[in-house]
Every structure is written in C-alpha cells, then in structure tokens.
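input.cif follows; it contains mmCIF, C-alpha atoms.
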data_final
#
loop_
_atom_site.label_atom_id
_atom_site.label_comp_id
_atom_site.auth_asym_id
_atom_site.auth_seq_id
_atom_site.Cartn_x
_atom_site.Cartn_y
_atom_site.Cartn_z
CA MET A 27 34.99 -74.05 50.64
CA LYS A 28 31.36 -74.73 51.40
CA ASN A 29 28.91 -75.76 48.75
CA PRO A 30 25.90 -73.48 48.60
CA ALA A 31 22.84 -75.00 50.25
CA PRO A 32 20.55 -76.61 47.68
CA GLN A 33 17.49 -74.53 46.89
CA PRO A 34 14.27 -76.23 47.99
CA SER A 35 12.43 -77.23 44.85
CA ARG A 36 9.18 -75.34 44.42
CA PRO A 37 6.19 -77.63 43.94
CA ARG A 38 4.82 -77.34 40.42
CA ILE A 39 1.17 -76.42 40.34
CA ARG A 40 -0.62 -78.13 37.52
CA TYR A 41 -4.25 -77.35 38.37
CA ILE A 42 -4.00 -73.72 37.33
CA SER A 43 -7.12 -73.19 35.30
CA PRO A 44 -10.24 -74.44 37.13
CA ARG A 45 -12.47 -73.10 34.37
CA PHE A 46 -10.64 -75.13 31.72
CA GLN A 47 -9.35 -78.22 33.52
CA GLY A 48 -12.25 -78.51 35.99
CA PRO A 49 -15.13 -79.03 33.54
CA ALA A 50 -13.01 -81.50 31.54
CA VAL A 51 -12.35 -83.55 34.69
CA LEU A 52 -16.07 -83.45 35.59
CA ALA A 53 -17.06 -84.54 32.08
CA PHE A 54 -14.68 -87.53 32.23
CA ALA A 55 -15.98 -88.40 35.71
CA ALA A 56 -19.55 -88.29 34.36
CA ILE A 57 -18.63 -90.61 31.47
CA ILE A 58 -16.96 -93.11 33.82
CA SER A 59 -19.83 -92.97 36.31
CA ILE A 60 -22.50 -93.41 33.64
CA GLY A 61 -20.49 -96.29 32.11
CA GLY A 62 -20.14 -97.92 35.53
CA ALA A 63 -23.85 -97.51 36.30
CA ILE A 64 -24.89 -99.05 32.96
CA PHE A 65 -22.42 -101.91 33.48
CA TRP A 66 -23.73 -102.52 37.00
CA LYS A 67 -27.38 -102.47 35.88
CA LEU A 68 -26.79 -104.85 32.94
CA VAL A 69 -24.49 -107.30 34.74
CA ASP A 70 -26.70 -107.38 37.83
CA SER A 71 -29.81 -108.29 35.82
CA GLU A 72 -27.82 -110.86 33.80
CA PHE A 73 -26.47 -112.44 37.01
CA GLN A 74 -30.03 -112.73 38.38
CA ARG A 75 -31.05 -114.64 35.27
CA VAL A 76 -27.92 -116.69 34.54
CA PHE A 77 -27.40 -118.19 38.02
CA LEU A 78 -31.07 -119.09 38.35
CA ASP A 79 -30.98 -120.76 34.91
CA ALA A 80 -27.85 -122.70 35.89
CA ALA A 81 -29.47 -123.83 39.18
CA ILE A 82 -32.61 -125.02 37.36
CA ARG A 83 -30.65 -126.81 34.58
CA GLY A 84 -29.30 -129.23 37.14
CA HIS A 85 -26.27 -130.41 35.19
CA TYR A 86 -23.38 -128.87 37.10
CA THR A 87 -20.16 -129.09 35.08
CA PHE A 88 -18.44 -126.09 36.58
CA ASP A 89 -16.17 -125.55 39.57
CA SER A 90 -17.06 -121.93 40.36
CA ALA A 91 -19.56 -119.21 39.53
CA TYR A 92 -16.89 -117.58 37.38
CA ASP A 93 -17.05 -120.52 34.94
CA ILE A 94 -20.75 -119.77 34.39
CA VAL A 95 -20.40 -116.05 33.71
CA ARG A 96 -16.93 -115.98 32.10
CA ALA A 97 -18.14 -115.06 28.60
CA LEU A 98 -20.86 -112.74 29.88
CA LEU A 99 -18.42 -110.91 32.13
CA ALA A 100 -15.79 -110.65 29.39
CA SER A 101 -18.26 -109.19 26.89
CA HIS A 102 -19.66 -106.68 29.37
CA LEU A 103 -16.20 -105.61 30.54
CA ALA A 104 -15.16 -105.18 26.90
CA GLY A 105 -18.35 -103.19 26.34
CA LEU A 106 -17.63 -101.02 29.37
CA PHE A 107 -14.08 -100.33 28.19
CA ALA A 108 -15.13 -99.62 24.61
CA GLY A 109 -18.04 -97.41 25.65
CA VAL A 110 -16.07 -95.34 28.14
CA PHE A 111 -13.04 -95.07 25.87
CA LEU A 112 -15.11 -94.07 22.83
CA ALA A 113 -17.09 -91.48 24.79
CA GLY A 114 -13.83 -90.23 26.36
CA SER A 115 -12.19 -90.01 22.93
CA VAL A 116 -15.12 -88.03 21.54
CA LEU A 117 -14.84 -85.68 24.52
CA VAL A 118 -11.07 -85.29 23.97
CA LEU A 119 -11.55 -84.58 20.27
CA PHE A 120 -14.30 -82.08 21.03
CA LEU A 121 -12.13 -80.35 23.64
CA ILE A 122 -9.18 -80.21 21.24
CA ALA A 123 -11.32 -78.94 18.36
CA ALA A 124 -12.99 -76.26 20.51
CA THR A 125 -9.65 -75.17 21.98
CA ARG A 126 -8.03 -75.11 18.56
CA HIS A 127 -10.92 -73.06 17.13
CA GLY A 128 -10.80 -70.52 19.98
CA ILE A 129 -7.02 -70.21 20.06
CA SER A 130 -6.76 -69.89 16.28
CA LYS A 131 -9.23 -66.97 16.52
CA ALA A 132 -7.01 -65.41 19.20
CA VAL A 133 -3.91 -65.88 17.03
CA ASP A 134 -5.70 -64.35 14.01
CA SER A 135 -6.75 -61.45 16.18
CA LEU A 136 -3.16 -60.83 17.38
CA ARG A 137 -1.85 -61.09 13.80
CA SER A 138 -4.43 -58.63 12.50
CA SER A 139 -3.48 -56.34 15.41
CA ALA A 140 0.05 -56.31 14.01
CA ASP A 141 -1.52 -55.11 10.73
CA GLY A 142 -3.29 -52.29 12.56
CA ASP A 143 -6.74 -53.82 13.13
CA LEU A 144 -7.34 -53.29 16.83
CA SER A 145 -11.12 -53.18 16.79
CA THR A 146 -12.47 -56.40 15.22
CA PRO A 147 -13.59 -58.63 18.13
CA THR A 148 -11.69 -61.90 18.61
CA GLY A 149 -14.79 -64.06 19.18
CA ALA A 150 -12.93 -67.05 20.62
CA GLY A 151 -16.27 -68.60 21.82
CA LEU A 152 -17.13 -72.23 22.75
CA ILE A 153 -14.85 -72.91 25.73
CA GLY A 154 -15.30 -70.47 28.62
CA GLU A 155 -11.63 -70.11 29.47
CA VAL A 156 -10.57 -69.57 25.85
CA ASP A 157 -13.43 -67.09 25.36
CA ARG A 158 -12.26 -65.18 28.45
CA PHE A 159 -8.73 -65.19 27.02
CA GLY A 160 -10.08 -63.79 23.74
CA ARG A 161 -11.88 -61.02 25.63
CA LYS A 162 -8.65 -60.23 27.48
CA ILE A 163 -6.83 -59.87 24.16
CA ASP A 164 -9.64 -57.59 22.97
CA ALA A 165 -9.26 -55.47 26.11
CA ALA A 166 -5.50 -55.12 25.51
CA ARG A 167 -6.12 -54.19 21.85
CA SER A 168 -8.83 -51.75 22.86
CA ASP A 169 -6.49 -50.06 25.37
CA THR A 170 -3.82 -49.77 22.67
CA LEU A 171 -6.27 -48.37 20.12
CA ASP A 172 -7.58 -45.89 22.69
CA SER A 173 -4.07 -44.72 23.45
CA VAL A 174 -3.09 -44.48 19.75
CA LEU A 175 -6.28 -42.56 18.87
CA LYS A 176 -5.71 -40.08 21.71
CA ILE A 177 -2.12 -39.55 20.57
CA ARG A 178 -3.28 -39.18 16.97
CA SER A 179 -5.86 -36.52 17.84
CA GLU A 180 -3.17 -34.63 19.77
CA VAL A 181 -0.77 -34.99 16.84
CA GLU A 182 -3.42 -33.65 14.46
CA ALA A 183 -4.22 -30.78 16.83
CA LEU A 184 -0.55 -29.80 17.00
CA ALA A 185 -0.06 -30.21 13.25
CA ALA A 186 -3.04 -27.92 12.55
CA GLY A 187 -0.99 -24.96 13.81
CA GLY A 188 -2.14 -21.78 15.56
CA ILE A 189 -0.73 -22.80 18.95
CA PRO A 190 1.55 -20.33 20.78
CA PRO A 191 5.24 -21.44 20.67
CA GLY A 192 5.52 -21.97 24.45
CA GLU A 193 2.43 -24.14 24.65
CA PHE A 194 3.43 -25.99 21.45
CA ARG A 195 6.79 -26.95 22.96
CA LEU A 196 5.17 -28.23 26.17
CA ARG A 197 2.59 -30.29 24.28
CA TRP A 198 5.30 -31.56 21.90
CA ASP A 199 7.35 -32.88 24.82
CA ASP A 200 4.25 -34.37 26.44
CA LEU A 201 3.37 -36.05 23.14
CA LYS A 202 6.82 -37.64 22.90
CA GLN A 203 6.42 -38.97 26.42
CA ARG A 204 3.01 -40.46 25.57
CA ILE A 205 4.38 -42.12 22.43
CA ARG A 206 7.20 -43.63 24.53
CA GLU A 207 4.55 -45.29 26.71
CA ILE A 208 3.19 -47.37 23.79
CA ALA A 209 4.30 -51.02 24.23
CA PRO A 210 7.07 -50.19 26.71
CA MET B 13 18.60 -69.15 -6.72
CA SER B 14 16.28 -70.18 -3.95
CA GLY B 15 14.57 -67.75 -1.60
CA PRO B 16 15.20 -67.65 2.15
CA GLU B 17 13.99 -70.80 3.87
CA THR B 18 11.29 -70.20 6.44
CA ASN B 19 10.24 -72.76 9.03
CA PRO B 20 6.53 -73.57 8.88
CA PRO B 21 4.71 -72.23 11.96
CA PRO B 22 4.20 -74.87 14.66
CA PRO B 23 0.69 -76.31 14.87
CA LEU B 24 -1.60 -74.93 17.56
CA ILE B 25 -1.95 -78.38 19.09
CA ASP B 26 0.57 -81.04 18.14
CA ARG B 27 -0.82 -84.29 16.70
CA ARG B 28 1.52 -86.30 18.97
CA TYR B 29 -0.01 -84.54 21.96
CA ILE B 30 -3.52 -85.63 20.90
CA PHE B 31 -2.45 -89.23 20.26
CA GLY B 32 -0.52 -89.28 23.54
CA LEU B 33 -3.63 -88.09 25.39
CA LEU B 34 -5.81 -90.74 23.71
CA PHE B 35 -3.25 -93.47 24.39
CA ARG B 36 -2.97 -92.54 28.06
CA LEU B 37 -6.74 -92.42 28.39
CA CYS B 38 -6.94 -95.85 26.75
CA ALA B 39 -4.35 -97.27 29.17
CA ASN B 40 -6.13 -95.61 32.07
CA PHE B 41 -9.56 -97.00 31.21
CA ALA B 42 -8.06 -100.42 30.47
CA GLY B 43 -6.41 -100.37 33.90
CA GLY B 44 -9.74 -99.50 35.51
CA VAL B 45 -11.53 -102.34 33.72
CA ALA B 46 -8.70 -104.73 34.66
CA ILE B 47 -9.11 -103.82 38.34
CA LEU B 48 -12.87 -104.34 38.05
CA PHE B 49 -12.23 -107.73 36.45
CA VAL B 50 -9.82 -108.77 39.23
CA ILE B 51 -12.33 -107.83 41.95
CA LEU B 52 -15.16 -109.70 40.23
CA TYR B 53 -12.90 -112.68 39.48
CA LEU B 54 -11.92 -112.95 43.15
CA ALA B 55 -15.58 -112.79 44.17
CA LEU B 56 -16.79 -115.29 41.56
CA SER B 57 -13.97 -117.82 41.51
CA ARG B 58 -14.62 -119.29 44.97
CA PRO B 59 -15.28 -123.03 44.50
CA LEU B 60 -18.88 -124.20 44.71
CA PRO B 61 -19.85 -126.99 47.16
CA TRP B 62 -19.21 -130.55 45.95
CA ASP B 63 -22.65 -132.00 46.52
CA TYR B 64 -25.56 -131.51 44.11
CA ALA B 65 -27.92 -129.92 46.66
CA GLY B 66 -25.18 -127.60 47.87
CA VAL B 67 -24.44 -126.36 44.34
CA SER B 68 -28.13 -125.86 43.57
CA HIS B 69 -28.66 -123.93 46.81
CA ALA B 70 -25.49 -121.84 46.28
CA LEU B 71 -26.47 -120.93 42.71
CA ARG B 72 -29.98 -119.88 43.77
CA ASN B 73 -28.52 -117.56 46.43
CA LEU B 74 -25.56 -116.35 44.42
CA ALA B 75 -27.26 -113.51 42.54
CA PRO B 76 -28.61 -111.74 45.68
CA PHE B 77 -25.23 -112.30 47.39
CA LEU B 78 -23.33 -110.87 44.42
CA ARG B 79 -25.47 -107.73 44.17
CA PRO B 80 -23.58 -105.73 46.88
CA VAL B 81 -20.27 -107.23 45.71
CA LEU B 82 -21.00 -105.99 42.20
CA ALA B 83 -22.07 -102.57 43.46
CA VAL B 84 -18.93 -102.15 45.58
CA SER B 85 -16.63 -103.34 42.78
CA VAL B 86 -18.23 -100.93 40.29
CA LEU B 87 -17.92 -98.16 42.88
CA VAL B 88 -14.21 -98.98 43.39
CA TYR B 89 -13.74 -98.98 39.61
CA ALA B 90 -15.52 -95.62 39.25
CA LEU B 91 -13.52 -94.02 42.06
CA LEU B 92 -10.16 -95.33 40.81
CA ALA B 93 -10.89 -94.52 37.17
CA CYS B 94 -12.25 -91.06 38.03
CA GLY B 95 -9.25 -90.30 40.26
CA SER B 96 -6.63 -91.42 37.77
CA THR B 97 -8.44 -89.80 34.82
CA ALA B 98 -8.75 -86.53 36.75
CA ALA B 99 -5.01 -86.57 37.52
CA LEU B 100 -4.21 -87.44 33.89
CA CYS B 101 -6.57 -84.76 32.59
CA VAL B 102 -5.11 -82.05 34.83
CA TYR B 103 -1.55 -83.10 33.91
CA ILE B 104 -2.18 -83.26 30.15
CA LEU B 105 -4.37 -80.15 29.87
CA HIS B 106 -1.70 -78.25 31.79
CA LYS B 107 0.19 -78.10 28.48
CA VAL B 108 -2.61 -75.87 27.17
CA ALA B 109 -3.82 -74.24 30.39
CA GLY B 110 -0.25 -73.29 31.41
CA PRO B 111 0.47 -71.15 28.32
CA LEU B 112 -3.01 -69.59 28.58
CA TYR B 113 -2.32 -68.66 32.20
CA ARG B 114 1.07 -67.25 31.25
CA MET B 115 -0.46 -65.18 28.43
CA ASP B 116 -3.07 -63.91 30.90
CA LEU B 117 -0.28 -62.61 33.14
CA VAL B 118 1.56 -61.07 30.17
CA LEU B 119 -1.62 -59.30 28.98
CA ASP B 120 -2.28 -58.00 32.51
CA GLN B 121 1.31 -56.75 32.63
CA TYR B 122 0.96 -55.12 29.21
CA ARG B 123 -2.28 -53.37 30.18
CA SER B 124 -0.77 -52.09 33.41
CA GLY B 125 1.90 -50.31 31.35
CA ALA B 126 4.82 -52.36 32.69
CA PRO B 127 7.62 -53.25 30.23
CA THR B 128 6.65 -56.31 28.19
CA ARG B 129 9.25 -58.99 27.58
CA THR B 130 9.31 -61.40 24.67
CA VAL B 131 6.98 -64.29 25.50
CA SER B 132 8.15 -67.86 25.11
CA PHE B 133 6.54 -71.05 26.35
CA ARG B 134 8.21 -74.14 27.78
CA ASN B 135 9.30 -77.02 25.61
CA GLY B 136 6.35 -79.33 25.03
CA ASP B 137 3.76 -76.64 25.72
CA GLN B 138 1.00 -76.36 23.13
CA ILE B 139 -0.46 -73.21 21.44
CA GLN B 140 3.06 -71.85 20.65
CA PRO B 141 1.69 -69.63 17.80
CA VAL B 142 -0.07 -67.46 20.44
CA ALA B 143 3.30 -66.35 21.83
CA GLN B 144 4.65 -65.76 18.32
CA ALA B 145 1.61 -63.70 17.28
CA PHE B 146 1.76 -61.64 20.51
CA ASN B 147 5.50 -60.99 20.06
CA GLN B 148 4.86 -60.01 16.44
CA TRP B 149 2.17 -57.51 17.52
CA ILE B 150 4.30 -55.96 20.27
CA GLY B 151 7.28 -55.88 17.87
CA THR B 152 5.22 -53.98 15.27
CA LEU B 153 4.00 -51.51 17.91
CA ARG B 154 7.58 -50.90 19.05
CA ARG B 155 8.84 -50.40 15.50
CA ASP B 156 6.05 -47.89 14.87
CA ARG B 157 6.81 -46.12 18.15
CA HIS B 158 10.51 -45.87 17.23
CA ARG B 159 9.62 -44.54 13.79
CA TRP B 160 7.28 -41.86 15.19
CA LEU B 161 9.86 -40.77 17.75
CA ALA B 162 12.58 -40.76 15.08
CA THR B 163 10.38 -38.53 12.87
CA MET B 164 9.88 -36.11 15.78
CA LYS B 165 13.60 -36.11 16.66
CA ASP B 166 14.45 -35.47 13.04
CA ALA B 167 12.14 -32.44 13.08
CA GLU B 168 13.75 -31.22 16.32
CA ARG B 169 17.17 -31.13 14.64
CA HIS B 170 15.94 -28.20 12.56
CA CYS B 171 15.47 -26.15 15.73
CA LEU B 172 19.16 -25.29 15.47
CA GLN B 173 18.04 -23.09 12.57
CA ASP B 174 15.49 -20.27 12.90
CA GLU B 175 12.22 -20.57 14.85
CA ALA B 176 9.93 -20.57 11.79
CA THR B 177 11.80 -23.41 10.03
CA CYS B 178 11.82 -25.40 13.26
CA ARG B 179 8.07 -24.99 13.71
CA ALA B 180 7.37 -25.81 10.05
CA LYS B 181 9.48 -28.98 10.21
CA MET B 182 7.83 -30.03 13.47
CA GLU B 183 4.35 -29.60 12.02
CA ASP B 184 5.45 -31.44 8.90
CA GLY B 185 6.77 -34.28 11.05
CA LEU B 186 3.52 -34.37 13.02
CA ARG B 187 1.52 -34.68 9.81
CA LYS B 188 3.68 -37.66 8.80
CA VAL B 189 3.13 -39.28 12.21
CA ALA B 190 -0.64 -38.66 12.02
CA GLU B 191 -0.73 -40.18 8.54
CA ASP B 192 1.23 -43.20 9.78
CA MET B 193 -1.13 -43.65 12.73
CA LYS B 194 -4.12 -43.87 10.42
CA ARG B 195 -3.41 -47.55 9.81
CA TYR B 196 -4.61 -48.24 13.37
CA HIS B 197 -8.37 -48.59 13.48
#

Represent the structure from my file as structure tokens, please.
Amino acid sequence: MKNPAPQPSRPRIRYISPRFQGPAVLAFAAIISIGGAIFWKLVDSEFQRVFLDAAIRGHYTFDSAYDIVRALLASHLAGLFAGVFLAGSVLVLFLIAATRHGISKAVDSLRSSADGDLSTPTGAGLIGEVDRFGRKIDAARSDTLDSVLKIRSEVEALAAGGIPPGEFRLRWDDLKQRIREIAP
Amino acid sequence: MSGPETNPPPPLIDRRYIFGLLFRLCANFAGGVAILFVILYLALSRPLPWDYAGVSHALRNLAPFLRPVLAVSVLVYALLACGSTAALCVYILHKVAGPLYRMDLVLDQYRSGAPTRTVSFRNGDQIQPVAQAFNQWIGTLRRDRHRWLATMKDAERHCLQDEATCRAKMEDGLRKVAEDMKRYH
C-alpha cells in the first residue's frame, strides 16, 4: 500500500498588514538610523581630538589605537545601545498602549452590540489599522441595524392590521425569510 | 455553596508577549552593537609602528583614515540592525496583525450575508477578547432570530383553527416581535 504523497507545506505569510506592521518597522529603522548617525558624529569628532592629543603627548605606552580609545569606544557603544533600546522600548510601549486602547474600544463596541446598541460609533482611533478595523465593525453593526429596523417597520405594518388576507400571508412568509437572513 | 466558577477573560495583550518583545529587541540591539564593536576593534587593534616617529606619524593620520572605516561600520550596523529589527517586528506584530486580518475577513463574510462560523484565533495570538465579543454578538443575534421565528411559528399553529383566530394570533405575535426588536437602536 502506498503512502499518500506529502502535501507541500504552504509558506506562512507574516507581513499581512502593511498599514500596521509597516509604520512600526519604519519607526524602528528611523530610531536605529538616528542612533547610528549620532554615534558616528560623536565618535568621529572624539577620534579627531583623541588621536591628535595622543600624538602631541609624545609618551607612547600603547600597542594599538584601540588601547587609546578603549574607554571612549565602550562608553559610546553603551550609549548607543541604551539610547536605541530606550527609544525602541518607548515605541513598543506606545504601540502596545495604542493598540490596546483601540482594540478595547472595538471589544466594548461588540459587547454593547450584543446588548442591542448598534449605533454608537466604536472610535478605535490612534493607530490607522485599528481605526479602520473599528470602522469595519461599525459598518457591520450599521448593516445589522438597518436590516433589523426594516424588518421591524414591516412587522409593525403587518401588526397594524387592515391588510387583505392574501397579501398578509405573502408578506408574512417574506418577513420570515428576511428574519432568517439575520446572522446566518 | 459557591457560585459557578468563571474564568477571567484573557487580557487583550499578554504581559509575557510585551516582555518577550522587549527582550528580543534588547538582544537584537545588543547584537548590532556587538557587531559594530567587532568591526571597530578589528580596525583599531592593528599594531602601531615600533619607532617613535612612526607612531607619531600614524597617530596624526589615524583620525582621517578612520573616518570612512567608522562610516562604513556604522552603516553596516544600521543595515544589520534595521534588517533584523524589521524581521523581528513583522514576526512579533503578526500575533496582533494576524487576528485583525482574520476578523476583517470574518466581518466581510458577515456583511456579504454568508454563514458566519464561530471565530477562534490560534494559540499564542493576542487580542483574543475580540473573537469572544464577536461570537457573543452573533450568538445574541441568532438567539433573537430563533425567538422571533419561534413566536411566528407559534402563531401559525393557530391557523388550524378559524381564519379570524389565526389572523389575531399572528398580529399578536407580530406585536411581540416588534416589541422585542425595540431593544436594537
């Protein structure tokens, strides 16, 4: 008996939300680039000064240029790491807070929809992608409310009476069909 | 007697996820700085000449010589750090962007009138309460729909009797449904 041929594994796409992941990547790239530029500017000017000072001093007790700038390099590298990491952490915390704020608004909106409130706007704000998601939820709620209100006006029209029996039966059956279409 | 135990709702974004992201960023930036250090160390650790004049001359010319070396090493650091941070960022934020994308599809499906299934996210995905709240909303809508249809079917059962009773029960049922629908605003 033959074993079934293994299914080729589908590559997993991780970059699925350019409007959410893209700006975050660009912001991190900006932090790293700015950090690198500041580091380059500071270390370059320090090197210009330190090596000239060492040449003028005339008492050469070192084997390589690294021995002269060891402490300077260490402090600037530590500064670069700390600066970039702190700025990156602030960005992460901001991203998380903004996402949490927007998504919690979306969750509140869905929960209030379950209680019948389909008209209060979600207002997910701050992050573009989350805001768009909030507006999509609002559109779905609005569609539902529209459909429920139309059904309700038909229900009230039928309940008011005065409709010939034949027409009443047709509209009754149509009404049942429209109710069946809510959240299929 | 204790009441039924209910699990607390999961947080929107898990604390471990945030710490994991910060830790990975820390490791990533540390790696970038380590690479920058190695490049600069290799450039700076070449031995100086032995004689006094040679050392003096080398030190005077070292700063201009190191300028392009420094620029290239910072550029290499920036490219490597940006590349790895971008990959990390895309990978980590996928845990939030993935569920958002999935909910987008579900909402599109719902609006198109196609049958909506219960939404569940993958293990480790964030914003789990969104799926729960959506399922709760759809569940409520379905319960209401069943109740309205049941009220109408109940009224239809009276059509086995005379026409007037049937019509009266149907109109009565419709009034109940209309009253029930008033909670939607």

request  = Considering only C-alpha atoms, return as an NGL selection string whatever protein or nucleic-acid residues lie within 8 Å of range 21-31 of chain B, sequence-local ones (same chain, fewer than 4 positions apart) excluded.
outcome  = (:A and (122 or 126 or 129-130)) or (:B and (35 or 138-141))

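In this model, the gap between CA of Leu144 in chain A and CA of Asp137 in chain B comes to 27.3 Å.
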
message = Evaluate the PyMOL selection byres ((chain B and resi 187) around 12) against this structure - the residues, as a VMD selection string, please.
response = (chain A and resid 178 to 187) or (chain B and resid 160 163 to 164 167 180 to 186 188 to 194)

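Across the model, the gap from CA of Arg167 in chain A to CA of Ile205 in chain A is 16.0 Å.
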
request  = Grab the CA of Val88 in chain B to CA of His69 in chain B distance for me, in Å with one decimal place.
outcome  =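 For CA of Val88 in chain B relative to CA of His69 in chain B, the distance reads 29.0 Å.
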
request  = Run the PyMOL selection byres ((chain A and resi 162) around 12) mentally over the shown coordinates, then write out the matched residues as a VMD selection string, using the chain letters and numbers from the document.
outcome  = (chain A and resid 132 135 to 136 147 to 150 155 to 161 163 to 169) or (chain B and resid 112 to 113 115 to 123)

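Those DNA, RNA and protein residues that approach the point (-16.5, -85.2, 27.4) to within 12 Å, considering all atoms listed in the file, are Gln47, Gly48, Pro49, Ala50, Val51, Leu52, Ala53, Phe54, Ala55, Ala56, Ile57, Ile58, Ile60, Val110, Phe111, Leu112, Ala113, Gly114, Ser115, Val116, Leu117, Val118, Leu119, Phe120, Leu121, Ile122 and Ala124 of chain A; Thr97 and Cys101 of chain B.
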
ask   = Given the choices A:Ile189, A:Val174, A:Leu68, A:Ala123, which gets closest to Arg157 in chain B if the distance is worked out from all atoms listed in the file?
value =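 Nearest to Arg157 in chain B: A:Val174.
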
ask   = Which residue, B:Ser96, B:Thr152, B:Ser132, B:Asn19, has the smallest gap to Ala39 in chain B when you use only C-alpha atoms?
value =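 The shortest atom-to-atom distance to Ala39 in chain B comes from B:Ser96.
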
ask   = Which residue gives the smallest distance to chain B among A:Leu152, A:Ala140, A:Ile82, A:Ala104, with all atoms listed in the file counted?
value = A:Ala140

Counting all atoms listed in the file, the option among A:Ala80, A:Val69, A:Phe46, A:Ala63 closest to Ser68 in chain B = A:Ala80

query = Could you name the residues that touch His102 in chain A at 8 Å or less, counting only C-alpha atoms, but leaving out those on the same chain fewer than 3 positions away, as JSON, numbers by chain?
reply = {"A": [65, 69, 98, 99, 105, 106]}

Write range 96-118 of chain A as a PDB file, in the frame of the given file, completed to N, CA and C atoms.
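Written output follows (selection08.pdb):
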ATOM      1  N   ARG A  96     -18.199-116.405  32.721  1.00  0.00           N
ATOM      2  CA  ARG A  96     -16.930-115.980  32.100  1.00  0.00           C
ATOM      3  C   ARG A  96     -17.163-115.155  30.823  1.00  0.00           C
ATOM      4  N   ALA A  97     -17.927-115.737  29.896  1.00  0.00           N
ATOM      5  CA  ALA A  97     -18.140-115.060  28.600  1.00  0.00           C
ATOM      6  C   ALA A  97     -18.960-113.786  28.776  1.00  0.00           C
ATOM      7  N   LEU A  98     -19.978-113.902  29.640  1.00  0.00           N
ATOM      8  CA  LEU A  98     -20.860-112.740  29.880  1.00  0.00           C
ATOM      9  C   LEU A  98     -20.067-111.575  30.469  1.00  0.00           C
ATOM     10  N   LEU A  99     -19.226-111.931  31.460  1.00  0.00           N
ATOM     11  CA  LEU A  99     -18.420-110.910  32.130  1.00  0.00           C
ATOM     12  C   LEU A  99     -17.427-110.276  31.151  1.00  0.00           C
ATOM     13  N   ALA A 100     -16.793-111.133  30.346  1.00  0.00           N
ATOM     14  CA  ALA A 100     -15.790-110.650  29.390  1.00  0.00           C
ATOM     15  C   ALA A 100     -16.432-109.674  28.401  1.00  0.00           C
ATOM     16  N   SER A 101     -17.625-110.056  27.886  1.00  0.00           N
ATOM     17  CA  SER A 101     -18.260-109.190  26.890  1.00  0.00           C
ATOM     18  C   SER A 101     -18.703-107.865  27.513  1.00  0.00           C
ATOM     19  N   HIS A 102     -19.216-107.925  28.741  1.00  0.00           N
ATOM     20  CA  HIS A 102     -19.660-106.680  29.370  1.00  0.00           C
ATOM     21  C   HIS A 102     -18.490-105.785  29.764  1.00  0.00           C
ATOM     22  N   LEU A 103     -17.387-106.430  30.206  1.00  0.00           N
ATOM     23  CA  LEU A 103     -16.200-105.610  30.540  1.00  0.00           C
ATOM     24  C   LEU A 103     -15.642-104.960  29.279  1.00  0.00           C
ATOM     25  N   ALA A 104     -15.633-105.738  28.180  1.00  0.00           N
ATOM     26  CA  ALA A 104     -15.160-105.180  26.900  1.00  0.00           C
ATOM     27  C   ALA A 104     -16.076-104.036  26.476  1.00  0.00           C
ATOM     28  N   GLY A 105     -17.381-104.235  26.678  1.00  0.00           N
ATOM     29  CA  GLY A 105     -18.350-103.190  26.340  1.00  0.00           C
ATOM     30  C   GLY A 105     -18.135-101.941  27.182  1.00  0.00           C
ATOM     31  N   LEU A 106     -17.870-102.155  28.480  1.00  0.00           N
ATOM     32  CA  LEU A 106     -17.630-101.020  29.370  1.00  0.00           C
ATOM     33  C   LEU A 106     -16.390-100.245  28.918  1.00  0.00           C
ATOM     34  N   PHE A 107     -15.325-100.987  28.628  1.00  0.00           N
ATOM     35  CA  PHE A 107     -14.080-100.330  28.190  1.00  0.00           C
ATOM     36  C   PHE A 107     -14.311 -99.562  26.892  1.00  0.00           C
ATOM     37  N   ALA A 108     -14.930-100.258  25.930  1.00  0.00           N
ATOM     38  CA  ALA A 108     -15.130 -99.620  24.610  1.00  0.00           C
ATOM     39  C   ALA A 108     -16.025 -98.392  24.741  1.00  0.00           C
ATOM     40  N   GLY A 109     -17.098 -98.530  25.499  1.00  0.00           N
ATOM     41  CA  GLY A 109     -18.040 -97.410  25.650  1.00  0.00           C
ATOM     42  C   GLY A 109     -17.388 -96.206  26.292  1.00  0.00           C
ATOM     43  N   VAL A 110     -16.700 -96.453  27.419  1.00  0.00           N
ATOM     44  CA  VAL A 110     -16.070 -95.340  28.140  1.00  0.00           C
ATOM     45  C   VAL A 110     -14.948 -94.735  27.308  1.00  0.00           C
ATOM     46  N   PHE A 111     -14.161 -95.591  26.659  1.00  0.00           N
ATOM     47  CA  PHE A 111     -13.040 -95.070  25.870  1.00  0.00           C
ATOM     48  C   PHE A 111     -13.545 -94.271  24.663  1.00  0.00           C
ATOM     49  N   LEU A 112     -14.577 -94.789  23.999  1.00  0.00           N
ATOM     50  CA  LEU A 112     -15.110 -94.070  22.830  1.00  0.00           C
ATOM     51  C   LEU A 112     -15.698 -92.720  23.250  1.00  0.00           C
ATOM     52  N   ALA A 113     -16.488 -92.739  24.324  1.00  0.00           N
ATOM     53  CA  ALA A 113     -17.090 -91.480  24.790  1.00  0.00           C
ATOM     54  C   ALA A 113     -15.985 -90.510  25.232  1.00  0.00           C
ATOM     55  N   GLY A 114     -14.962 -91.062  25.927  1.00  0.00           N
ATOM     56  CA  GLY A 114     -13.830 -90.230  26.360  1.00  0.00           C
ATOM     57  C   GLY A 114     -13.084 -89.649  25.170  1.00  0.00           C
ATOM     58  N   SER A 115     -12.907 -90.473  24.131  1.00  0.00           N
ATOM     59  CA  SER A 115     -12.190 -90.010  22.930  1.00  0.00           C
ATOM     60  C   SER A 115     -12.962 -88.897  22.239  1.00  0.00           C
ATOM     61  N   VAL A 116     -14.284 -89.078  22.165  1.00  0.00           N
ATOM     62  CA  VAL A 116     -15.120 -88.030  21.540  1.00  0.00           C
ATOM     63  C   VAL A 116     -14.984 -86.738  22.335  1.00  0.00           C
ATOM     64  N   LEU A 117     -14.991 -86.870  23.662  1.00  0.00           N
ATOM     65  CA  LEU A 117     -14.840 -85.680  24.520  1.00  0.00           C
ATOM     66  C   LEU A 117     -13.480 -85.014  24.286  1.00  0.00           C
ATOM     67  N   VAL A 118     -12.424 -85.834  24.216  1.00  0.00           N
ATOM     68  CA  VAL A 118     -11.070 -85.290  23.970  1.00  0.00           C
ATOM     69  C   VAL A 118     -11.038 -84.554  22.639  1.00  0.00           C
TER      70      VAL A 118
END
